[in-house]
Every structure is written in structure tokens, then in C-alpha cells.
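Student: This is target32.cif (mmCIF, C-alpha atoms and all ligand atoms).
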```cif
data_work
loop_
_atom_site.label_atom_id
_atom_site.label_comp_id
_atom_site.auth_asym_id
_atom_site.auth_seq_id
_atom_site.Cartn_x
_atom_site.Cartn_y
_atom_site.Cartn_z
CA MET A 1 82.67 62.00 -280.68
CA ALA A 2 85.78 64.19 -281.02
CA LEU A 3 85.09 67.89 -281.27
CA LYS A 4 85.46 69.34 -284.79
CA HIS A 5 87.87 72.24 -284.91
CA HIS A 6 90.38 73.98 -287.18
CA TYR A 7 93.23 74.46 -284.69
CA GLN A 8 96.77 73.30 -285.43
CA PHE A 9 99.21 72.83 -282.57
CA CYS A 10 102.92 73.18 -282.10
CA PHE A 11 105.75 73.55 -279.59
CA GLY A 12 109.52 74.05 -279.70
CA PRO A 13 112.41 71.74 -278.78
CA TRP A 14 113.11 73.96 -275.74
CA ASN A 15 109.70 72.98 -274.34
CA ILE A 16 111.10 69.52 -273.62
CA SER A 17 113.55 71.04 -271.16
CA GLU A 18 115.84 69.43 -268.63
CA GLY A 19 114.85 71.26 -265.46
CA GLN A 20 117.73 73.65 -264.76
CA ASP A 21 116.93 76.89 -262.92
CA PRO A 22 119.15 79.68 -261.54
CA TYR A 23 119.56 77.66 -258.32
CA GLY A 24 120.30 74.18 -259.57
CA PRO A 25 121.36 71.99 -262.47
CA THR A 26 119.30 69.84 -264.79
CA THR A 27 117.13 67.07 -263.36
CA ARG A 28 116.63 65.15 -266.62
CA PRO A 29 119.29 64.06 -269.15
CA PRO A 30 119.36 65.99 -272.44
CA GLN A 31 117.52 64.42 -275.38
CA SER A 32 118.52 64.64 -279.01
CA PHE A 33 116.61 66.73 -281.52
CA ASP A 34 115.51 63.54 -283.30
CA TRP A 35 113.98 62.22 -280.09
CA LYS A 36 112.07 65.49 -279.64
CA LEU A 37 110.86 65.47 -283.22
CA SER A 38 109.60 61.92 -282.92
CA ALA A 39 107.91 62.76 -279.59
CA LEU A 40 106.14 65.68 -281.31
CA LYS A 41 105.01 63.40 -284.09
CA LYS A 42 103.89 60.64 -281.74
CA MET A 43 101.79 63.13 -279.81
CA GLY A 44 100.14 64.24 -283.05
CA PHE A 45 101.26 67.87 -283.05
CA ASP A 46 101.34 69.58 -286.44
CA ALA A 47 104.42 71.81 -286.41
CA MET A 48 107.58 72.68 -284.58
CA MET A 49 108.87 76.13 -283.58
CA PHE A 50 112.59 76.79 -283.90
CA HIS A 51 115.26 79.08 -282.62
CA ASP A 52 117.89 79.60 -285.33
CA ASP A 53 120.32 77.43 -283.36
CA ASP A 54 117.72 74.73 -282.73
CA ALA A 55 117.62 74.40 -286.51
CA VAL A 56 121.38 74.80 -287.07
CA PRO A 57 123.32 74.04 -283.86
CA ASP A 58 126.53 76.06 -283.23
CA ILE A 59 125.33 78.55 -285.78
CA ASP A 60 127.98 81.14 -284.85
CA SER A 61 130.82 78.87 -285.89
CA LYS A 62 129.34 78.14 -289.32
CA SER A 63 129.56 79.87 -292.71
CA VAL A 64 126.48 81.13 -294.53
CA ALA A 65 126.84 78.24 -297.01
CA GLN A 66 127.10 75.66 -294.21
CA ILE A 67 124.05 77.15 -292.43
CA ARG A 68 122.01 76.89 -295.62
CA LYS A 69 123.16 73.34 -296.24
CA GLU A 70 122.14 72.22 -292.75
CA ALA A 71 118.82 74.05 -292.97
CA LYS A 72 118.10 72.20 -296.22
CA GLU A 73 118.90 68.87 -294.57
CA LEU A 74 116.54 69.72 -291.72
CA LYS A 75 113.81 70.71 -294.16
CA LYS A 76 114.11 67.27 -295.80
CA ARG A 77 113.75 65.56 -292.44
CA LEU A 78 110.73 67.66 -291.51
CA ASP A 79 109.12 66.94 -294.88
CA GLY A 80 109.81 63.24 -294.38
CA GLU A 81 107.96 63.35 -291.05
CA GLY A 82 105.15 65.58 -292.39
CA ILE A 83 105.95 68.26 -289.80
CA ALA A 84 105.91 71.99 -290.68
CA ALA A 85 108.21 74.65 -289.24
CA GLU A 86 105.96 77.27 -287.66
CA MET A 87 108.55 80.00 -287.17
CA VAL A 88 112.24 80.67 -286.59
CA ALA A 89 113.47 83.05 -283.85
CA PRO A 90 117.00 84.46 -283.54
CA ARG A 91 118.37 83.49 -280.11
CA LEU A 92 120.00 86.80 -279.22
CA TRP A 93 120.61 86.22 -275.55
CA PHE A 94 123.30 83.52 -275.20
CA HIS A 95 126.30 84.83 -277.12
CA PRO A 96 128.83 87.16 -275.41
CA ASN A 97 128.04 89.75 -278.10
CA THR A 98 124.51 90.05 -276.72
CA VAL A 99 125.47 90.70 -273.10
CA ASP A 100 124.19 94.29 -273.36
CA GLY A 101 121.33 93.41 -275.71
CA GLY A 102 121.50 92.75 -279.45
CA TYR A 103 119.85 95.48 -281.51
CA THR A 104 120.08 98.04 -278.67
CA SER A 105 123.56 97.19 -277.38
CA ASN A 106 125.72 100.23 -276.73
CA ASP A 107 128.48 98.53 -278.73
CA LYS A 108 128.17 99.07 -282.49
CA LYS A 109 129.97 95.79 -283.33
CA HIS A 110 127.53 93.89 -281.15
CA ARG A 111 124.56 95.56 -282.82
CA GLN A 112 125.98 94.48 -286.16
CA TYR A 113 126.34 90.91 -284.86
CA ALA A 114 122.66 90.91 -283.87
CA ILE A 115 121.56 92.11 -287.31
CA ASP A 116 123.83 89.65 -289.15
CA ARG A 117 122.59 86.78 -287.02
CA SER A 118 118.98 87.82 -287.63
CA ARG A 119 119.64 87.72 -291.36
CA ARG A 120 120.92 84.14 -291.01
CA CYS A 121 117.76 83.34 -289.07
CA ILE A 122 115.66 84.67 -291.93
CA ASP A 123 117.65 82.55 -294.41
CA ILE A 124 116.91 79.46 -292.31
CA ALA A 125 113.21 80.30 -292.08
CA LYS A 126 112.97 80.67 -295.83
CA ILE A 127 114.58 77.27 -296.38
CA LEU A 128 112.29 75.68 -293.76
CA GLY A 129 109.29 77.07 -295.63
CA THR A 130 108.04 79.67 -293.18
CA ASP A 131 107.95 83.46 -293.53
CA LEU A 132 107.40 83.97 -289.79
CA ILE A 133 110.29 85.36 -287.73
CA VAL A 134 109.57 85.63 -284.01
CA LEU A 135 111.40 88.31 -282.07
CA TRP A 136 111.44 87.76 -278.33
CA LEU A 137 113.59 90.78 -277.46
CA ALA A 138 115.16 89.20 -274.37
CA ARG A 139 117.97 91.64 -273.57
CA GLU A 140 116.67 94.73 -275.38
CA GLY A 141 116.23 96.81 -272.27
CA THR A 142 118.16 97.88 -269.22
CA TYR A 143 119.20 96.80 -265.73
CA ILE A 144 119.58 100.44 -264.77
CA ARG A 145 117.65 103.21 -266.46
CA GLU A 146 120.69 105.42 -267.11
CA ALA A 147 122.56 102.76 -269.10
CA LYS A 148 120.76 103.44 -272.39
CA ASP A 149 118.90 106.23 -274.09
CA GLY A 150 115.33 104.94 -274.49
CA ARG A 151 114.56 107.18 -277.46
CA ARG A 152 117.72 106.06 -279.26
CA SER A 153 116.86 102.45 -278.49
CA VAL A 154 113.57 102.84 -280.37
CA ASP A 155 115.52 104.13 -283.38
CA LEU A 156 117.97 101.23 -283.13
CA LEU A 157 115.14 98.69 -282.95
CA VAL A 158 113.51 100.21 -286.03
CA GLU A 159 116.86 100.17 -287.84
CA ALA A 160 117.29 96.47 -287.04
CA PHE A 161 113.72 95.58 -288.08
CA ASP A 162 114.21 97.51 -291.33
CA ALA A 163 117.41 95.58 -292.07
CA MET A 164 115.50 92.31 -291.57
CA LEU A 165 112.56 93.41 -293.72
CA ALA A 166 114.96 94.43 -296.49
CA HIS A 167 116.84 91.13 -296.32
CA ASP A 168 113.82 89.11 -297.44
CA LYS A 169 110.80 90.74 -299.06
CA ARG A 170 108.48 88.01 -297.80
CA ALA A 171 109.60 87.73 -294.18
CA ARG A 172 107.11 88.80 -291.51
CA LEU A 173 108.28 89.82 -288.05
CA ALA A 174 106.16 88.81 -285.07
CA ILE A 175 107.30 90.70 -281.97
CA GLU A 176 106.79 88.73 -278.74
CA PRO A 177 106.58 91.29 -275.92
CA LYS A 178 107.60 90.60 -272.34
CA PRO A 179 107.93 93.35 -269.73
CA ASN A 180 110.91 92.06 -267.73
CA GLU A 181 113.24 89.10 -267.11
CA PRO A 182 116.04 88.81 -267.92
CA MET A 183 116.03 92.64 -267.93
CA ASP A 184 114.69 94.88 -265.21
CA HIS A 185 112.68 96.67 -267.91
CA ALA A 186 112.31 95.62 -271.54
CA TYR A 187 111.74 98.12 -274.33
CA ILE A 188 108.71 96.41 -275.89
CA PRO A 189 106.69 95.27 -272.88
CA THR A 190 103.21 95.00 -274.41
CA ILE A 191 101.33 94.42 -277.65
CA GLY A 192 100.56 98.14 -277.83
CA HIS A 193 104.29 98.88 -277.92
CA ALA A 194 104.87 96.18 -280.55
CA LEU A 195 102.16 97.47 -282.87
CA ALA A 196 103.23 101.07 -282.38
CA ILE A 197 106.84 100.40 -283.32
CA ALA A 198 105.63 98.43 -286.35
CA GLN A 199 104.30 101.71 -287.74
CA HIS A 200 107.81 103.20 -287.71
CA THR A 201 109.29 100.48 -289.92
CA ARG A 202 109.73 100.51 -293.67
CA ASP A 203 106.88 97.99 -294.13
CA PRO A 204 104.37 98.10 -291.25
CA LYS A 205 102.24 95.43 -292.95
CA ARG A 206 104.98 92.88 -292.32
CA VAL A 207 105.45 93.62 -288.63
CA GLY A 208 102.95 92.06 -286.26
CA CYS A 209 102.99 90.27 -282.95
CA LEU A 210 102.87 87.11 -280.92
CA ILE A 211 101.16 87.02 -277.54
CA GLU A 212 102.43 84.80 -274.76
CA SER A 213 99.87 84.42 -271.95
CA ALA A 214 102.50 84.52 -269.17
CA HIS A 215 104.18 87.61 -270.60
CA ALA A 216 100.88 89.51 -270.68
CA ILE A 217 100.18 88.47 -267.08
CA LEU A 218 103.66 89.63 -266.04
CA ALA A 219 102.82 93.02 -267.57
CA GLY A 220 99.70 93.13 -265.37
CA LEU A 221 97.47 92.69 -268.41
CA ASP A 222 94.68 90.31 -269.33
CA PRO A 223 95.90 87.98 -272.12
CA SER A 224 92.47 87.88 -273.75
CA ASP A 225 92.34 91.69 -273.98
CA GLU A 226 95.78 91.60 -275.58
CA ILE A 227 94.43 89.02 -278.08
CA ASP A 228 91.44 91.21 -278.98
CA PHE A 229 93.67 94.26 -279.35
CA ALA A 230 96.12 92.49 -281.68
CA CYS A 231 93.29 90.89 -283.70
CA SER A 232 91.56 94.20 -284.22
CA PHE A 233 94.67 95.22 -286.21
CA ASP A 234 94.88 91.76 -287.92
CA LYS A 235 98.29 91.42 -286.34
CA LEU A 236 98.07 88.29 -284.21
CA TRP A 237 100.29 85.95 -286.18
CA SER A 238 101.12 83.45 -283.46
CA ILE A 239 100.28 82.71 -279.84
CA HIS A 240 102.16 81.06 -276.98
CA LEU A 241 99.60 79.72 -274.56
CA ASN A 242 100.78 78.89 -271.06
CA ASP A 243 100.07 80.04 -267.50
CA GLN A 244 101.67 82.06 -264.73
CA ASN A 245 100.94 82.23 -261.02
CA GLY A 246 101.23 85.91 -260.11
CA LEU A 247 104.08 88.33 -260.60
CA LYS A 248 107.07 86.05 -260.16
CA TYR A 249 109.78 84.64 -262.40
CA ASP A 250 108.51 83.51 -265.82
CA GLN A 251 106.92 80.14 -265.06
CA ASP A 252 105.69 78.80 -268.41
CA ARG A 253 103.20 76.60 -266.58
CA PRO A 254 100.84 74.23 -268.44
CA PHE A 255 98.02 76.12 -270.14
CA GLY A 256 95.08 76.69 -267.78
CA CYS A 257 96.81 75.21 -264.74
CA THR A 258 96.61 78.37 -262.62
CA ASN A 259 93.64 80.27 -263.94
CA LEU A 260 91.08 78.17 -265.81
CA ARG A 261 88.76 81.10 -266.26
CA SER A 262 91.45 83.18 -267.94
CA ALA A 263 92.28 80.20 -270.18
CA PHE A 264 88.57 79.93 -271.08
CA ASP A 265 88.52 83.66 -271.89
CA GLN A 266 91.62 83.37 -274.06
CA ILE A 267 90.07 80.59 -276.14
CA ARG A 268 86.75 82.40 -276.33
CA THR A 269 88.59 85.42 -277.70
CA LEU A 270 90.54 83.31 -280.19
CA GLU A 271 87.26 81.76 -281.39
CA ARG A 272 85.54 85.12 -281.70
CA ASN A 273 88.42 86.43 -283.81
CA GLN A 274 88.61 83.25 -285.91
CA TYR A 275 92.24 82.82 -284.95
CA GLY A 276 93.86 80.01 -286.91
CA LYS A 277 91.62 80.31 -289.95
CA ASN A 278 94.52 81.83 -291.92
CA GLY A 279 96.89 79.06 -290.93
CA GLU A 280 98.12 80.53 -287.62
CA TYR A 281 99.14 77.90 -285.07
CA VAL A 282 98.34 77.48 -281.39
CA CYS A 283 101.72 77.03 -279.71
CA PHE A 284 102.30 75.89 -276.16
CA ASP A 285 105.35 77.63 -274.71
CA VAL A 286 105.25 75.48 -271.58
CA HIS A 287 107.90 73.71 -269.52
CA PRO A 288 107.75 70.60 -267.33
CA PHE A 289 108.03 71.25 -263.61
CA ARG A 290 111.60 70.72 -262.37
CA THR A 291 110.37 67.71 -260.40
CA THR A 292 109.09 65.92 -263.51
CA LYS A 293 110.43 62.38 -264.03
CA VAL A 294 111.79 61.31 -267.39
CA GLU A 295 108.81 59.00 -267.99
CA HIS A 296 106.40 61.96 -267.61
CA TRP A 297 108.51 64.35 -269.64
CA THR A 298 106.05 65.40 -272.32
CA ALA A 299 102.86 65.33 -270.21
CA HIS A 300 102.77 69.16 -269.88
CA LEU A 301 102.42 69.42 -273.68
CA GLU A 302 99.70 66.83 -274.07
CA ASN A 303 97.92 68.22 -271.01
CA SER A 304 98.02 71.78 -272.37
CA ARG A 305 96.44 70.66 -275.63
CA ARG A 306 93.90 68.53 -273.77
CA THR A 307 92.95 71.47 -271.56
CA PHE A 308 92.68 73.68 -274.64
CA LEU A 309 90.30 71.25 -276.35
CA LEU A 310 88.20 70.67 -273.23
CA LEU A 311 87.89 74.42 -272.74
CA LEU A 312 87.05 74.83 -276.42
CA GLU A 313 84.03 72.63 -275.76
CA LYS A 314 83.19 74.87 -272.80
CA VAL A 315 83.47 77.96 -275.01
CA ARG A 316 81.20 76.44 -277.64
CA SER A 317 78.60 75.29 -275.15
CA PHE A 318 78.55 78.57 -273.19
CA ASP A 319 75.06 80.04 -273.16
CA GLU A 320 75.83 83.18 -275.19
CA LYS A 321 72.15 84.10 -275.40
CA ALA A 322 71.80 84.10 -271.62
CA ALA A 323 75.03 86.08 -271.38
CA ARG A 324 73.72 88.71 -273.82
CA SER A 325 70.50 89.19 -271.91
CA LEU A 326 72.38 89.54 -268.60
CA ILE A 327 74.66 92.11 -270.25
CA ALA A 328 71.61 93.99 -271.58
CA ASN A 329 70.25 94.10 -268.04
CA ARG A 330 73.69 95.09 -266.63
CA ASP A 331 73.48 92.11 -264.32
CA TYR A 332 77.16 91.31 -264.20
CA GLN A 333 76.77 89.49 -260.88
CA ALA A 334 74.64 86.86 -262.58
CA LEU A 335 76.94 86.84 -265.61
CA ASP A 336 79.88 86.16 -263.31
CA GLN A 337 78.05 83.22 -261.75
CA LEU A 338 76.96 81.94 -265.18
CA VAL A 339 80.62 81.68 -266.20
CA ILE A 340 81.69 80.09 -262.91
CA GLU A 341 78.95 77.46 -262.93
CA HIS A 342 79.49 76.73 -266.60
CA LEU A 343 83.18 76.08 -265.88
CA MET A 344 82.20 73.89 -262.93
CA GLY A 345 80.02 71.79 -265.21
CA ASN A 346 76.56 73.06 -264.28
C1 LIG O 1 110.89 83.11 -273.68
C2 LIG O 1 110.21 83.15 -274.94
C3 LIG O 1 110.79 82.24 -275.99
C4 LIG O 1 110.21 82.65 -277.30
C5 LIG O 1 110.96 82.30 -278.52
O1 LIG O 1 110.35 83.54 -272.66
O2 LIG O 1 108.85 82.88 -274.74
O3 LIG O 1 110.55 80.92 -275.66
O4 LIG O 1 108.90 82.22 -277.37
O5 LIG O 1 112.19 82.90 -278.56
MG MG O 2 107.20 82.42 -275.94
#
```
Could you spell out this file's structure in C-alpha cells?
Tutor:
Amino acid sequence: MALKHHYQFCFGPWNISEGQDPYGPTTRPPQSFDWKLSALKKMGFDAMMFHDDDAVPDIDSKSVAQIRKEAKELKKRLDGEGIAAEMVAPRLWFHPNTVDGGYTSNDKKHRQYAIDRSRRCIDIAKILGTDLIVLWLAREGTYIREAKDGRRSVDLLVEAFDAMLAHDKRARLAIEPKPNEPMDHAYIPTIGHALAIAQHTRDPKRVGCLIESAHAILAGLDPSDEIDFACSFDKLWSIHLNDQNGLKYDQDRPFGCTNLRSAFDQIRTLERNQYGKNGEYVCFDVHPFRTTKVEHWTAHLENSRRTFLLLLEKVRSFDEKAARSLIANRDYQALDQLVIEHLMGN
């Protein structure tokens, strides 16, 4: 019998990617948005995540009225398919105006571009029926430390967040920290930084966070500790589950594929904090391996969800009573083995 659970799953169009990396071109032909939407539906996922220009392509060449019109058309299509929009994120790392960062660029005109574009993103989110704006602050940081004033950058980030909060009284900002890549150092590398800067904004209640497993690992942190930390402030508004093999380039591997035990711990922490009970989604920010053939193109998404559900069973069948008594006796050696054997099926 299928396991009863309350989790709702989603992914973004960029998670059906074509295989390009810095050293070589695509290995799969591009697919249309409609194809991706129908793949999502066929696989039985509940929602889709969007960048602003996933929702409205070529957004920079369009007027505010045109952007709204296209967002409304998309909303109709999503409604027709019974698919929700989980969030919208401004893509502030492609355009020439974001070469030195968006909100923290040293060029005032470019900072204004970033804020204006974020406002359009919020308009799109509102039309798509979500109040969640995800901020992955890709280029807000430096290649060399002397290029920007870190203290001023904090002020500029707060200024930008305040402008977004003022633009729509219902919008919530979920900051998605990542410590590096594309930058040498990013300004908001961890959940602690995200929640601290939230306190500086005009409405701290509407600034929370999103944890991506791989980003936490790249920061040398344990994703499940990051989850507990965010949840203890009621600020975990979304999660991007995936995996990462060591401190390398951002790999966005299928969830659980490198470290099953860490994946188990992440789900155990989500369960303990009742994540998802207020409508939050479990999102898989995963990519196919570059070698993936067209006919296997969406397997990483189905596999990530399958691994999640199999590990959920493992979490629910874990002998918590035995664990508690080992903890009481400070027998962490036996606790360690209890977890390992449980994961191995004993
Ligand atoms: C990239 C980010 C991106 C965000 C949304 O590393 O994870 O995919 O989740 O902008
Ligand atoms: Mg992500």
C-alpha cells in the first residue's frame, strides 16, 4: 500500500536541462515549455517553480502591460492543467546589467535595473497566484575582495528588499543562500546570514529563506542543521532537495545519490518540523547528468521523488525509542550503527 503523506512536489523548467557545461555545448535538444509542463503533469508533480523569464520569455524587451498579459495567459494554462505556481524568482544573472551583480552592483543604473526587474517578477508572481519570491543572489558578491564595500553591500541589499516588500504588501521573500559560484564569495552564504539580514528590512515577517541541500554542503554545513535552524524561526518557506559530491562545482545531483544518510537526516528533520503542513512544497532542484539520453531525460526528477518517499518510509520506521535510550546512555557508537543498519534494511 502506498505510504500516506502530506508532501507536495515541484520542480522548475530549468531542471529539464540540455546538458551544457563551461566546457561543452548541449547534449540534448531544447524542449518547449509546453512539453515540460506536460512532462510535469504526466509525472504527477503538483506545482512548477518559475524564473520571471520562464514565465514571460524575453521579459526585458516587454512592457509592463505586455508582461502582465502574458502572465495572465500562463495562469490560465496552469489552471487548465491543475498545476500551481510555487514561486517566481528574478533571474538577475544573465543580462549585461547584472555583470557586477544586481542589487549590489557598483553601477547605480544597474542597481535600478535589478530593482525594477524584481518588481516585474513580483507582478508575475501575483498573477500566477503565489506570494513567494525566491532570491538566489547569484552575482551579489565579489571576485576580488577589494571590488566592493561589504558593509555598503548589506545596506544595498536591504534597500532592494525594502523596495520589493513595498511594491506588494503580500509578497514574501525567500532568500536562497549559496556561498560561492558564480562568485568567489557571495554576500549571503548561509541561512544565518539570510535570517539576520531579514531583521534589517522594513517587514522582517515577510523575509524568510529557502534551503538548497547542495548550497549548504558547499558552505561546509549540514543541510539538516540548516533546516532545523530555519524552522526554529518559522522561516523555512521552500526547500530545494538535491545532492553534491564534495566541494566542487554546483552539481545539483539527484536527491540522495551521494549521501543517503544525509538525505535520510534531511527528511527526518522536515518530518520533525512538520514541513509542508502549511502548504510549503518539496522542490527538486536537480539536473540530469550531461550523459543522459533524451529518452531518460526526466528520470532524475522521478528518481529524486522516489528516493524521497522511500526514505520517508525509513524515517517513519526508524526505531526512535531505541535511539532515545542509546542517547540517554550516551552510546553514540550504537546509535551510529542503528542508523546504518536501518538504512541497509536490517
Ligand atoms: C541555482 C539556484 C536556482 C534557484 C532559483 O543554483 O538553485 O536554480 O533555485 O533561482
Ligand atoms: Mg535552488
Student: Select the residues contacting ligand LIG 1 (chain O) at a distance of at most 10 Å, based on all atoms listed in the file, then format the selection as a ChimeraX atom specification.
Tutor: /A:11-15,49-52,87-93,133-138,175-178,180-182,210-215,238-242,250-252,283-287
Student: Tell me, in Å to one decimal, how far CA of Thr98 (chain A) is from CA of His110 (chain A).
Tutor: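 Separating CA of Thr98 (chain A) from CA of His110 (chain A) is a distance of 6.6 Å.
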Student: CA of Met48 (chain A) and CA of Leu78 (chain A) are how many Å apart?
Tutor: 9.1 Å
Student: Name the closest residue to Pro22 (chain A) among the candidates A:Arg290, A:His200, A:Ala85, A:Ile227; distances are taken between atoms, counting all atoms listed in the file.
Tutor: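 The answer is A:Arg290, which sits nearest to Pro22 (chain A).
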Student: So the first atom is CA of Thr190 (chain A) and the second is CA of Lys109 (chain A); what is the distance between them in Å, to one decimal place?
Tutor: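 Taking CA of Thr190 (chain A) and CA of Lys109 (chain A), their separation equals 28.2 Å.
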Student: Between A:Val294, A:Cys257, A:Ala166, A:Ala174, single out the one closest to ligand MG 2 (chain O), counting all atoms listed in the file.
Tutor: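 That would be A:Ala174, the residue with the smallest distance to ligand MG 2 (chain O).
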Student: Could you check which of A:Ala163, A:Leu247, A:Ala322, A:Ala114 is closest to Gly101 (chain A), using all atoms listed in the file?
Tutor: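 Selected residue with least distance to Gly101 (chain A): A:Ala114.
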Student: Rank nothing, just name the residue among A:Cys10, A:His342, A:Gly256, A:Ile83 nearest to ligand MG 2 (chain O), using only C-alpha atoms and all ligand atoms.
Tutor: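 Of A:Cys10, A:His342, A:Gly256, A:Ile83, the one nearest ligand MG 2 (chain O) is A:Cys10, counting only C-alpha atoms and all ligand atoms.
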